[in-house]
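Trainee: There's a structure below that I have some questions on.
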Amino acid sequence: MRTARAGVAVALLAAGAAVGTAAPASASISTSIQSTSWSYTDSAQPKKSFVNPAGTAPVGAKVTADGKKHVSKSYFTFDLTGLRGAKVLNAELSAKEVTVADCAAPRTTELWVTAPSAKPPTWETQPAELSKLPGPGSLDGCPSNYLDWDAGPTLQQAIDAGRTSLTLVLRLPDGQQHNPRFARTHQPSLYISLEKNQAPDGPTSLTTRNRACAESPVVGLGDTRLFAIVTDPDDYQVGAEFAWWPVAHPDQRQTQALTRWTPGYPLWIDLAQDRLADGVTYDWQVRGTDELTSGPWSGTCRFTTDFTAPTTVPLVTSTDFPSELKPAGGVGVPGVFTFDARGDQDVVRFAVGESVPPQYVTADKPGGTATYTFTPRTDGPQRLLVRGVDAGGNSTPSTSYRFWVGNNGPSMTCAPAQAFLGETRQCTFGPHGTDGATEYVYRVDGEPEVTVPAGPDGTAAFTITPTDAAQRYDVEVRARMANGNLSADRTTQIAVDRGLPVIDAPANLMVGQPAVFTLHATLPGSATFTYDWDYGTPVTIPVGPDGTAQVTITPAAQGQHWLHARTTTAAGLGSAQNEVNVTAATNGPSVTSVEYPESAGGGYVTTPGTFTFTSPLPGAVSFTYRLQGADPATVPAGPDGTASAVLTPLTAGRQYLETTTTFADGTVSAGSYYWFIAESAAPPLTCDGSGSLRPGQVVHCTLAPVQPGLVSYGYAVNAGTETTVQPGPGGTAAFEFTVPADQTQYVLRLEAWSVNAAGLRTDTSYTSYWVDETAARVTKAV
């Protein structure tokens, strides 16, 4: 069984209010009350009462200058209305002496409770003195700043008797009150310091699942919240005790307690569904508690459980918004939907929507129908979720009714339909269909909204002069329809010719060669062109009489370039900016080679190759080239403007050749970059040694020819002495070497190469072995 949950609402708590799991506080409160009035009597004026006079309170006898003796008692009254029902845990009454006739005389001031009196006391009409309070204590000083009496029993007796006030009299014992030696005066106020506890007040605001007790609600599936507000006169923390029982079985009463909640703020328990039986009527009540006592029980509330949900899914229909995927109605146009419980007698209302709580519509009878008016706020596909609900709040499964709200945004037309920047347009709004319009709310490109009233025919107009080539001029407008609602919005772009200039670009641009671009203005009244090349510094030139201008640009680098251009009128109106993207070819030479074709594999290392240089421009006098890893060299151009160079790659792999052209005027072209691959000419090397070798072991090896024009081979062991080997008739060669005998446990490296008649050495072949004195002898035929 689940345990009922408890909580306390904390919204709008006062600053410093303790809630929830705040630290425990005593149920009692320490406070004090002061006498609200005082009076005294005088034996020399026996019929007179002295009420709240100025000065001190006299007790005992004194003789005045005229020889008369005055014997007095002082009376003090306390208001007890704020202590109604309180339990006094302890109380101490204090008084303060002002003057004492003789500090050597014993002090025996008495404090008595008097009977209630309707009139202020006089010497002749003194109220009965009922009981004397124990005390006083604190007799060390004279006069004493603090005399105290135990007032707890006296105060509790008065509260229990229902008295609203308490009167006490300060007097001397009968044997002393007529002797001036014992006379004294007191401050005209008495104080009672007390610790007390008052029971919590009767609970208020009782509800069951947020419904008043008078409704005797039916509760459905889920937890059932019992809610109340409890206050406590002590204004500390308060608790509550909830009790509930089946009406037919009061002997099955159950209780649950809450502790340490803030008085005056809502508290509750949630009865889990499995703590209640289905179809049973329950009563419940609550009372406030603190750590010392309990308040009165509330009256009873009643509820009935219903944990069986209806199952018939409601039917939803609408002629205003048919369940079809085609637009109907419009934003701000109300439509009526009919909900039908289809005869399920448990359904008494309908829940509409997904919000918490949803909207509820009451059926005309159990199992009947209800109508619901919906006013769309957006257009497009929408859905309505509807559930049947019984008296306990239990729901049927949802019906999802899908429909499509039409766009009823107003129309907008402008005259002229198309115009250039700077030309004023008059645009007219018109209502959608028969919706009518009293005004239109519009804005341009998200600026603040403007409202214009509609005329008798339902239309309204405004004027606009587009001046910003970068602005879209999108007009978003809604109509205030005849029913007072706003329609859907409709956005229309004002058609603006932004005067985009035309740029004619020449064909076949080349680095270092002037190119002429022609600019054509289209915005009426254009006075200047402003252009930039590759986002550089803008340049402004005048527009010619024919509306054009020419710009000569010499590309400094090959590749893509951008030319931007716009026009400006004499009045400062700027057109949109146009751009063209052009590609400048290099003026560097082209390079070709049969032996070493571009971007591909070519001849072997040490094989000469002829490279031919050709300029795309006339006037070449020489070509300067540099092969990767070598110094630059220059060759003159022949009569045909070309030149050749024979280059021999000395390393295998990708090679880079950079070339420039020098022209007759001394200018140098951009560089051309040509790459090719020189294949490895290292002779294949095979040996009979494998795995590990022993010191002193003889290894036999062979070399095969690769290098064109091969003359000899060479090899070296561990980068030591180089040995030359002559090839045999077939171009192969054989040699042997002995593993050094004085070393072991190391890697032996063997390298081999070939040399041609020009003495050019190829890249190397190599192999390596692990030398280990424990290795077995391995002999391999060559």
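Ordering of the structure tokens sets the chain letters (A, B, ...), residue numbers begin anew at 1 in every chain, and ligands are numbered from 1 in the order given.
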Near Thr281 of chain A, counting only C-alpha atoms, which residues have an atom at most 12 Å away, once you skip same-chain residues fewer than 4 positions from it, shown as an mmCIF file with all heavy atoms, in the first residue's frame?

Mentor:
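The resulting file, around-v8.cif, is shown below:
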data_model
loop_
_atom_site.group_PDB
_atom_site.id
_atom_site.type_symbol
_atom_site.label_atom_id
_atom_site.label_comp_id
_atom_site.auth_asym_id
_atom_site.auth_seq_id
_atom_site.Cartn_x
_atom_site.Cartn_y
_atom_site.Cartn_z
ATOM 1 N N SER A 216 -19.986 18.014 -1.718
ATOM 2 C CA SER A 216 -19.915 16.549 -1.539
ATOM 3 C C SER A 216 -19.489 15.888 -2.848
ATOM 4 O O SER A 216 -20.234 15.105 -3.454
ATOM 5 C CB SER A 216 -21.265 15.990 -1.079
ATOM 6 O OG SER A 216 -21.600 16.516 0.182
ATOM 7 N N PRO A 217 -18.299 16.207 -3.332
ATOM 8 C CA PRO A 217 -17.934 15.815 -4.701
ATOM 9 C C PRO A 217 -17.745 14.312 -4.861
ATOM 10 O O PRO A 217 -17.533 13.567 -3.907
ATOM 11 C CB PRO A 217 -16.608 16.535 -4.917
ATOM 12 C CG PRO A 217 -16.033 16.667 -3.543
ATOM 13 C CD PRO A 217 -17.209 16.901 -2.642
ATOM 14 N N VAL A 218 -17.816 13.892 -6.127
ATOM 15 C CA VAL A 218 -17.407 12.547 -6.521
ATOM 16 C C VAL A 218 -15.963 12.657 -6.984
ATOM 17 O O VAL A 218 -15.622 13.534 -7.776
ATOM 18 C CB VAL A 218 -18.299 12.002 -7.660
ATOM 19 C CG1 VAL A 218 -17.798 10.638 -8.120
ATOM 20 C CG2 VAL A 218 -19.747 11.919 -7.203
ATOM 21 N N VAL A 219 -15.076 11.781 -6.480
ATOM 22 C CA VAL A 219 -13.669 11.825 -6.853
ATOM 23 C C VAL A 219 -13.335 10.611 -7.676
ATOM 24 O O VAL A 219 -13.806 9.509 -7.406
ATOM 25 C CB VAL A 219 -12.757 11.923 -5.610
ATOM 26 C CG1 VAL A 219 -13.079 13.172 -4.817
ATOM 27 C CG2 VAL A 219 -12.876 10.696 -4.724
ATOM 28 N N TRP A 244 -10.485 10.175 8.357
ATOM 29 C CA TRP A 244 -11.470 9.829 7.331
ATOM 30 C C TRP A 244 -11.981 8.418 7.589
ATOM 31 O O TRP A 244 -11.296 7.586 8.174
ATOM 32 C CB TRP A 244 -10.861 9.953 5.937
ATOM 33 C CG TRP A 244 -9.781 8.959 5.622
ATOM 34 C CD1 TRP A 244 -9.905 7.770 4.976
ATOM 35 C CD2 TRP A 244 -8.400 9.062 5.989
ATOM 36 N NE1 TRP A 244 -8.704 7.122 4.901
ATOM 37 C CE2 TRP A 244 -7.757 7.896 5.504
ATOM 38 C CE3 TRP A 244 -7.654 10.013 6.679
ATOM 39 C CZ2 TRP A 244 -6.398 7.673 5.700
ATOM 40 C CZ3 TRP A 244 -6.294 9.792 6.858
ATOM 41 C CH2 TRP A 244 -5.680 8.644 6.379
ATOM 42 N N TRP A 245 -13.218 8.173 7.151
ATOM 43 C CA TRP A 245 -13.847 6.875 7.398
ATOM 44 C C TRP A 245 -15.021 6.695 6.442
ATOM 45 O O TRP A 245 -15.626 7.686 5.980
ATOM 46 C CB TRP A 245 -14.334 6.788 8.846
ATOM 47 C CG TRP A 245 -15.372 7.830 9.188
ATOM 48 C CD1 TRP A 245 -16.728 7.717 9.125
ATOM 49 C CD2 TRP A 245 -15.099 9.170 9.623
ATOM 50 N NE1 TRP A 245 -17.327 8.880 9.498
ATOM 51 C CE2 TRP A 245 -16.356 9.798 9.820
ATOM 52 C CE3 TRP A 245 -13.924 9.899 9.881
ATOM 53 C CZ2 TRP A 245 -16.464 11.124 10.240
ATOM 54 C CZ3 TRP A 245 -14.033 11.213 10.308
ATOM 55 C CH2 TRP A 245 -15.297 11.815 10.495
ATOM 56 N N PRO A 246 -15.353 5.452 6.101
ATOM 57 C CA PRO A 246 -16.565 5.215 5.306
ATOM 58 C C PRO A 246 -17.790 5.637 6.121
ATOM 59 O O PRO A 246 -17.881 5.343 7.324
ATOM 60 C CB PRO A 246 -16.550 3.707 5.050
ATOM 61 C CG PRO A 246 -15.142 3.285 5.308
ATOM 62 C CD PRO A 246 -14.615 4.205 6.347
ATOM 63 N N VAL A 247 -18.706 6.320 5.495
ATOM 64 C CA VAL A 247 -19.902 6.784 6.209
ATOM 65 C C VAL A 247 -20.639 5.604 6.830
ATOM 66 O O VAL A 247 -21.156 5.698 7.957
ATOM 67 C CB VAL A 247 -20.814 7.577 5.246
ATOM 68 C CG1 VAL A 247 -22.154 7.884 5.900
ATOM 69 C CG2 VAL A 247 -20.122 8.856 4.795
ATOM 70 N N ALA A 248 -20.681 4.484 6.130
ATOM 71 C CA ALA A 248 -21.400 3.317 6.639
ATOM 72 C C ALA A 248 -20.608 2.565 7.711
ATOM 73 O O ALA A 248 -21.149 1.683 8.374
ATOM 74 C CB ALA A 248 -21.739 2.375 5.482
ATOM 75 N N HIS A 249 -19.330 2.898 7.901
ATOM 76 C CA HIS A 249 -18.490 2.188 8.872
ATOM 77 C C HIS A 249 -17.605 3.178 9.630
ATOM 78 O O HIS A 249 -16.388 3.237 9.398
ATOM 79 C CB HIS A 249 -17.621 1.133 8.164
ATOM 80 C CG HIS A 249 -18.403 0.048 7.503
ATOM 81 N ND1 HIS A 249 -18.952 -1.015 8.197
ATOM 82 C CD2 HIS A 249 -18.750 -0.130 6.194
ATOM 83 C CE1 HIS A 249 -19.587 -1.810 7.354
ATOM 84 N NE2 HIS A 249 -19.484 -1.290 6.131
ATOM 85 N N PRO A 250 -18.185 3.973 10.521
ATOM 86 C CA PRO A 250 -17.369 4.926 11.274
ATOM 87 C C PRO A 250 -16.310 4.240 12.127
ATOM 88 O O PRO A 250 -15.340 4.882 12.536
ATOM 89 C CB PRO A 250 -18.399 5.670 12.128
ATOM 90 C CG PRO A 250 -19.607 4.795 12.152
ATOM 91 C CD PRO A 250 -19.621 4.056 10.858
ATOM 92 N N LEU A 276 -8.404 3.921 -0.620
ATOM 93 C CA LEU A 276 -9.850 4.116 -0.656
ATOM 94 C C LEU A 276 -10.470 3.009 -1.502
ATOM 95 O O LEU A 276 -9.834 2.463 -2.400
ATOM 96 C CB LEU A 276 -10.185 5.485 -1.255
ATOM 97 C CG LEU A 276 -9.579 6.706 -0.543
ATOM 98 C CD1 LEU A 276 -9.813 7.967 -1.363
ATOM 99 C CD2 LEU A 276 -10.174 6.865 0.857
ATOM 100 N N ALA A 277 -11.730 2.720 -1.219
ATOM 101 C CA ALA A 277 -12.448 1.697 -1.985
ATOM 102 C C ALA A 277 -13.299 2.373 -3.045
ATOM 103 O O ALA A 277 -13.759 3.506 -2.877
ATOM 104 C CB ALA A 277 -13.319 0.862 -1.053
ATOM 105 N N CYS A 301 -16.601 16.768 6.099
ATOM 106 C CA CYS A 301 -16.777 16.885 4.649
ATOM 107 C C CYS A 301 -17.059 15.492 4.114
ATOM 108 O O CYS A 301 -16.682 14.491 4.732
ATOM 109 C CB CYS A 301 -15.513 17.439 3.998
ATOM 110 S SG CYS A 301 -15.088 19.104 4.497
ATOM 111 N N ARG A 302 -17.680 15.454 2.955
ATOM 112 C CA ARG A 302 -18.085 14.149 2.407
ATOM 113 C C ARG A 302 -17.686 14.070 0.938
ATOM 114 O O ARG A 302 -17.748 15.056 0.186
ATOM 115 C CB ARG A 302 -19.584 13.964 2.568
ATOM 116 C CG ARG A 302 -20.134 12.640 2.013
ATOM 117 C CD ARG A 302 -21.539 12.384 2.534
ATOM 118 N NE ARG A 302 -21.495 12.088 3.978
ATOM 119 C CZ ARG A 302 -22.561 11.737 4.708
ATOM 120 N NH1 ARG A 302 -23.760 11.668 4.133
ATOM 121 N NH2 ARG A 302 -22.437 11.490 5.992
ATOM 122 N N PHE A 303 -17.247 12.886 0.520
ATOM 123 C CA PHE A 303 -16.983 12.643 -0.904
ATOM 124 C C PHE A 303 -17.277 11.190 -1.203
ATOM 125 O O PHE A 303 -17.314 10.336 -0.301
ATOM 126 C CB PHE A 303 -15.539 12.988 -1.274
ATOM 127 C CG PHE A 303 -14.491 12.142 -0.612
ATOM 128 C CD1 PHE A 303 -14.060 10.942 -1.175
ATOM 129 C CD2 PHE A 303 -13.912 12.550 0.589
ATOM 130 C CE1 PHE A 303 -13.087 10.167 -0.563
ATOM 131 C CE2 PHE A 303 -12.939 11.772 1.204
ATOM 132 C CZ PHE A 303 -12.519 10.577 0.632
ATOM 133 N N THR A 304 -17.504 10.920 -2.484
ATOM 134 C CA THR A 304 -17.789 9.558 -2.938
ATOM 135 C C THR A 304 -16.774 9.189 -4.008
ATOM 136 O O THR A 304 -16.467 10.010 -4.885
ATOM 137 C CB THR A 304 -19.215 9.458 -3.515
ATOM 138 O OG1 THR A 304 -20.148 9.834 -2.494
ATOM 139 C CG2 THR A 304 -19.515 8.044 -3.992
ATOM 140 N N THR A 305 -16.252 7.983 -3.953
ATOM 141 C CA THR A 305 -15.241 7.543 -4.911
ATOM 142 C C THR A 305 -15.879 6.912 -6.138
ATOM 143 O O THR A 305 -16.930 6.274 -6.067
ATOM 144 C CB THR A 305 -14.281 6.524 -4.273
ATOM 145 O OG1 THR A 305 -15.042 5.412 -3.785
ATOM 146 C CG2 THR A 305 -13.518 7.155 -3.113
ATOM 147 N N ASP A 306 -15.218 7.139 -7.283
ATOM 148 C CA ASP A 306 -15.616 6.496 -8.536
ATOM 149 C C ASP A 306 -14.332 6.273 -9.328
ATOM 150 O O ASP A 306 -13.800 7.186 -9.952
ATOM 151 C CB ASP A 306 -16.577 7.382 -9.328
ATOM 152 C CG ASP A 306 -16.991 6.744 -10.649
ATOM 153 O OD1 ASP A 306 -16.569 5.601 -10.933
ATOM 154 O OD2 ASP A 306 -17.716 7.408 -11.425
#

Trainee: Check segment 199-434 of chain A with DSSP on the backbone and list each residue it calls strand (DSSP E or B), as a VMD selection string.

Mentor: chain A and resid 204 to 208 211 to 212 218 to 219 224 to 229 238 to 246 254 to 261 266 to 271 281 to 289 294 301 to 305 315 to 317 328 335 to 340 349 to 352 359 to 362 369 to 374 380 to 389 395 399 to 405 411 to 415 419 to 420 425 to 430

Trainee: Which residues of segment 451-542 of chain A come within 6 Å of segment 575-594 of chain A, and for each one, what is the closest pair of atoms and their distance in Å to one decimal, counting only C-alpha atoms, sorted by chain and residue number, as JSON lines?

Mentor:
{"residue": "A:Ala469", "atom": "CA", "partner": "A:Ala576", "partner_atom": "CA", "distance": 5.0}
{"residue": "A:Arg498", "atom": "CA", "partner": "A:Ala576", "partner_atom": "CA", "distance": 5.4}
{"residue": "A:Gly499", "atom": "CA", "partner": "A:Ser575", "partner_atom": "CA", "distance": 5.1}
{"residue": "A:Leu500", "atom": "CA", "partner": "A:Ala576", "partner_atom": "CA", "distance": 5.1}
{"residue": "A:Leu509", "atom": "CA", "partner": "A:Ala584", "partner_atom": "CA", "distance": 4.6}
{"residue": "A:Met510", "atom": "CA", "partner": "A:Ala585", "partner_atom": "CA", "distance": 4.5}
{"residue": "A:Val511", "atom": "CA", "partner": "A:Thr586", "partner_atom": "CA", "distance": 5.3}

Trainee: Include all heavy atoms and write out the residues we just selected as a short mmCIF file (atom, residue, chain, number, x, y, z; two decimals), in the first residue's frame.

Mentor:
data_model
loop_
_atom_site.label_atom_id
_atom_site.label_comp_id
_atom_site.auth_asym_id
_atom_site.auth_seq_id
_atom_site.Cartn_x
_atom_site.Cartn_y
_atom_site.Cartn_z
N ALA A 469 18.27 49.93 -51.22
CA ALA A 469 18.42 48.78 -52.11
C ALA A 469 18.56 47.48 -51.33
O ALA A 469 18.25 46.40 -51.86
CB ALA A 469 19.63 48.98 -53.02
N ARG A 498 15.68 47.47 -58.14
CA ARG A 498 16.75 48.10 -57.37
C ARG A 498 17.87 48.65 -58.22
O ARG A 498 18.95 49.00 -57.71
CB ARG A 498 17.28 47.10 -56.34
CG ARG A 498 16.26 46.85 -55.21
CD ARG A 498 16.54 45.59 -54.43
NE ARG A 498 15.71 45.51 -53.22
CZ ARG A 498 14.43 45.19 -53.19
NH1 ARG A 498 13.80 44.90 -54.34
NH2 ARG A 498 13.75 45.16 -52.06
N GLY A 499 17.64 48.75 -59.54
CA GLY A 499 18.62 49.40 -60.42
C GLY A 499 19.94 48.68 -60.50
O GLY A 499 21.00 49.32 -60.56
N LEU A 500 19.91 47.36 -60.52
CA LEU A 500 21.14 46.60 -60.54
C LEU A 500 21.91 46.89 -61.83
O LEU A 500 21.40 46.66 -62.93
CB LEU A 500 20.81 45.10 -60.45
CG LEU A 500 21.95 44.15 -60.14
CD1 LEU A 500 22.36 44.31 -58.68
CD2 LEU A 500 21.51 42.70 -60.38
N LEU A 509 40.78 36.52 -69.69
CA LEU A 509 41.63 37.37 -68.88
C LEU A 509 42.94 36.65 -68.58
O LEU A 509 42.96 35.43 -68.41
CB LEU A 509 40.94 37.73 -67.56
CG LEU A 509 40.06 38.99 -67.57
CD1 LEU A 509 38.78 38.71 -68.33
CD2 LEU A 509 39.73 39.40 -66.15
N MET A 510 44.01 37.46 -68.53
CA MET A 510 45.32 36.88 -68.23
C MET A 510 46.06 37.78 -67.27
O MET A 510 45.94 39.01 -67.31
CB MET A 510 46.12 36.69 -69.52
CG MET A 510 47.51 36.06 -69.30
SD MET A 510 48.34 35.73 -70.85
CE MET A 510 47.34 34.37 -71.48
N VAL A 511 46.83 37.14 -66.39
CA VAL A 511 47.64 37.89 -65.43
C VAL A 511 48.56 38.84 -66.17
O VAL A 511 49.20 38.48 -67.17
CB VAL A 511 48.46 36.92 -64.56
CG1 VAL A 511 49.46 37.68 -63.69
CG2 VAL A 511 47.56 36.07 -63.69
#

Trainee: Can you pull out every residue within 6 Å of Pro410 of chain A, counting only C-alpha atoms, but drop anything in the same chain fewer than 2 positions away, and send it as an mmCIF file with N, CA, C and O atoms, in the first residue's frame?

Mentor:
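Output file out.cif is given in full below:
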data_model
loop_
_atom_site.group_PDB
_atom_site.id
_atom_site.type_symbol
_atom_site.label_atom_id
_atom_site.label_comp_id
_atom_site.auth_asym_id
_atom_site.auth_seq_id
_atom_site.Cartn_x
_atom_site.Cartn_y
_atom_site.Cartn_z
ATOM 1 N N GLY A 430 -7.231 45.146 -48.961
ATOM 2 C CA GLY A 430 -8.615 44.758 -49.160
ATOM 3 C C GLY A 430 -8.992 43.596 -48.262
ATOM 4 O O GLY A 430 -8.146 42.744 -47.965
ATOM 5 N N PRO A 431 -10.244 43.498 -47.787
ATOM 6 C CA PRO A 431 -10.657 42.421 -46.883
ATOM 7 C C PRO A 431 -10.725 41.086 -47.596
ATOM 8 O O PRO A 431 -10.857 41.016 -48.819
ATOM 9 N N HIS A 432 -10.650 40.036 -46.776
ATOM 10 C CA HIS A 432 -10.761 38.684 -47.311
ATOM 11 C C HIS A 432 -12.230 38.297 -47.377
ATOM 12 O O HIS A 432 -12.949 38.338 -46.369
#

Trainee: Using only C-alpha atoms, find the one residue out of A:Thr41, A:Gln198, A:Thr491, A:Thr607 that sits nearest to Gly85 of chain A.

Mentor: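 For Gly85 of chain A, the nearest of the given residues is A:Gln198.
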
Trainee: I'd like the neighbourhood of Thr369 of chain A as an NGL selection string, where a residue qualifies if any of its atoms comes within 10 Å (using only C-alpha atoms), though same-chain residues fewer than 5 positions away should be ignored.

Mentor: :A and (314-316 or 338-343 or 347-350 or 361-364)

Trainee: Which residues are close to segment 285-294 of chain A, i.e. within 10 Å by only C-alpha atoms, leaving aside same-chain residues fewer than 5 positions away? Reply as JSON, numbers by chain.

Mentor: {"A": [24, 25, 26, 27, 28, 87, 197, 198, 199, 200, 201, 202, 203, 204, 206, 226, 227, 228, 229, 230, 231, 232, 234, 236, 237, 238, 239, 240, 241, 242, 243, 244, 245, 255, 256, 257, 258, 259, 260, 261, 263, 268, 299, 300, 301, 302]}

Trainee: What lies within 10 Å of segment 630-637 of chain A using only C-alpha atoms, ignoring chain neighbours under 2 positions off, as a count of residues only?

Mentor: 28

Trainee: What's the separation between atom CA of Ala212 of chain A and atom CA of Pro310 of chain A, in Å to one decimal place?

Mentor: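 Here the two named atoms are 24.6 Å from each other.
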
Trainee: Could you tell me how far atom CA of Asn483 of chain A sits from atom CA of Glu439 of chain A, in Å to one decimal place?

Mentor: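 Interatomic distance, atom CA of Glu439 of chain A to atom CA of Asn483 of chain A: 11.7 Å.
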
Trainee: Of the residues A:Cys687, A:Leu111, A:Leu221, A:Val386, which is the one nearest to Leu93 of chain A, using only C-alpha atoms?

Mentor: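 Ranking A:Cys687, A:Leu111, A:Leu221, A:Val386 by distance to Leu93 of chain A, first place goes to A:Leu111.
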
Trainee: Quick one: residues within 8 Å of Ser487 of chain A, only C-alpha atoms counted, chain neighbours fewer than 4 positions away excluded, as a list in words?

Mentor: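 After dropping sequence-adjacent residues, the list is Gly330, Val331, Gly332, Val333, Asn408, Gly409, Pro410, Arg478, Ala479, Arg480 and Met481 of chain A.
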
Trainee: Which residue gives the smallest distance to Asp435 of chain A among A:Pro727, A:Gly220, A:Gly458, A:Gly82, with only C-alpha atoms counted?

Mentor: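 Counting only C-alpha atoms, the residue closest to Asp435 of chain A is A:Gly458.
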
Trainee: Pick out the closest residue to Glu110 of chain A from this set: A:Phe374, A:Phe76, A:Tyr673, A:Trp149. Count only C-alpha atoms.

Mentor: A:Trp149

Trainee: Please determine, counting only C-alpha atoms, which residue among A:Gln471, A:Thr312, A:Thr667, A:Asn407 has the shortest atom-to-atom distance to Ala328 of chain A.

Mentor: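 Result for the nearest residue to Ala328 of chain A: A:Asn407.
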
Trainee: Please determine, counting only C-alpha atoms, which residue among A:Thr56, A:Gln34, A:Asp346, A:Ala417 has the shortest atom-to-atom distance to Asp390 of chain A.

Mentor: A:Asp346

Trainee: Could you jot down the atom CA of Asn394 of chain A to atom CA of Val336 of chain A separation for me, Å, one decimal place?

Mentor: 25.1 Å

Trainee: Could you list, with a cut-off of 12 Å and counting only C-alpha atoms, the residues of segment 682-776 of chain A near segment 675-678 of chain A, each shown with its nearest atom pair and the distance in Å rounded to one decimal, rows sorted by chain and ascending number, as a Markdown table?

Mentor:
| residue | atom | partner | partner_atom | distance |
| --- | --- | --- | --- | --- |
| A:Ala682 | CA | A:Ala678 | CA | 11.8 |
| A:Thr762 | CA | A:Ala678 | CA | 11.3 |
| A:Asp763 | CA | A:Ala678 | CA | 11.0 |
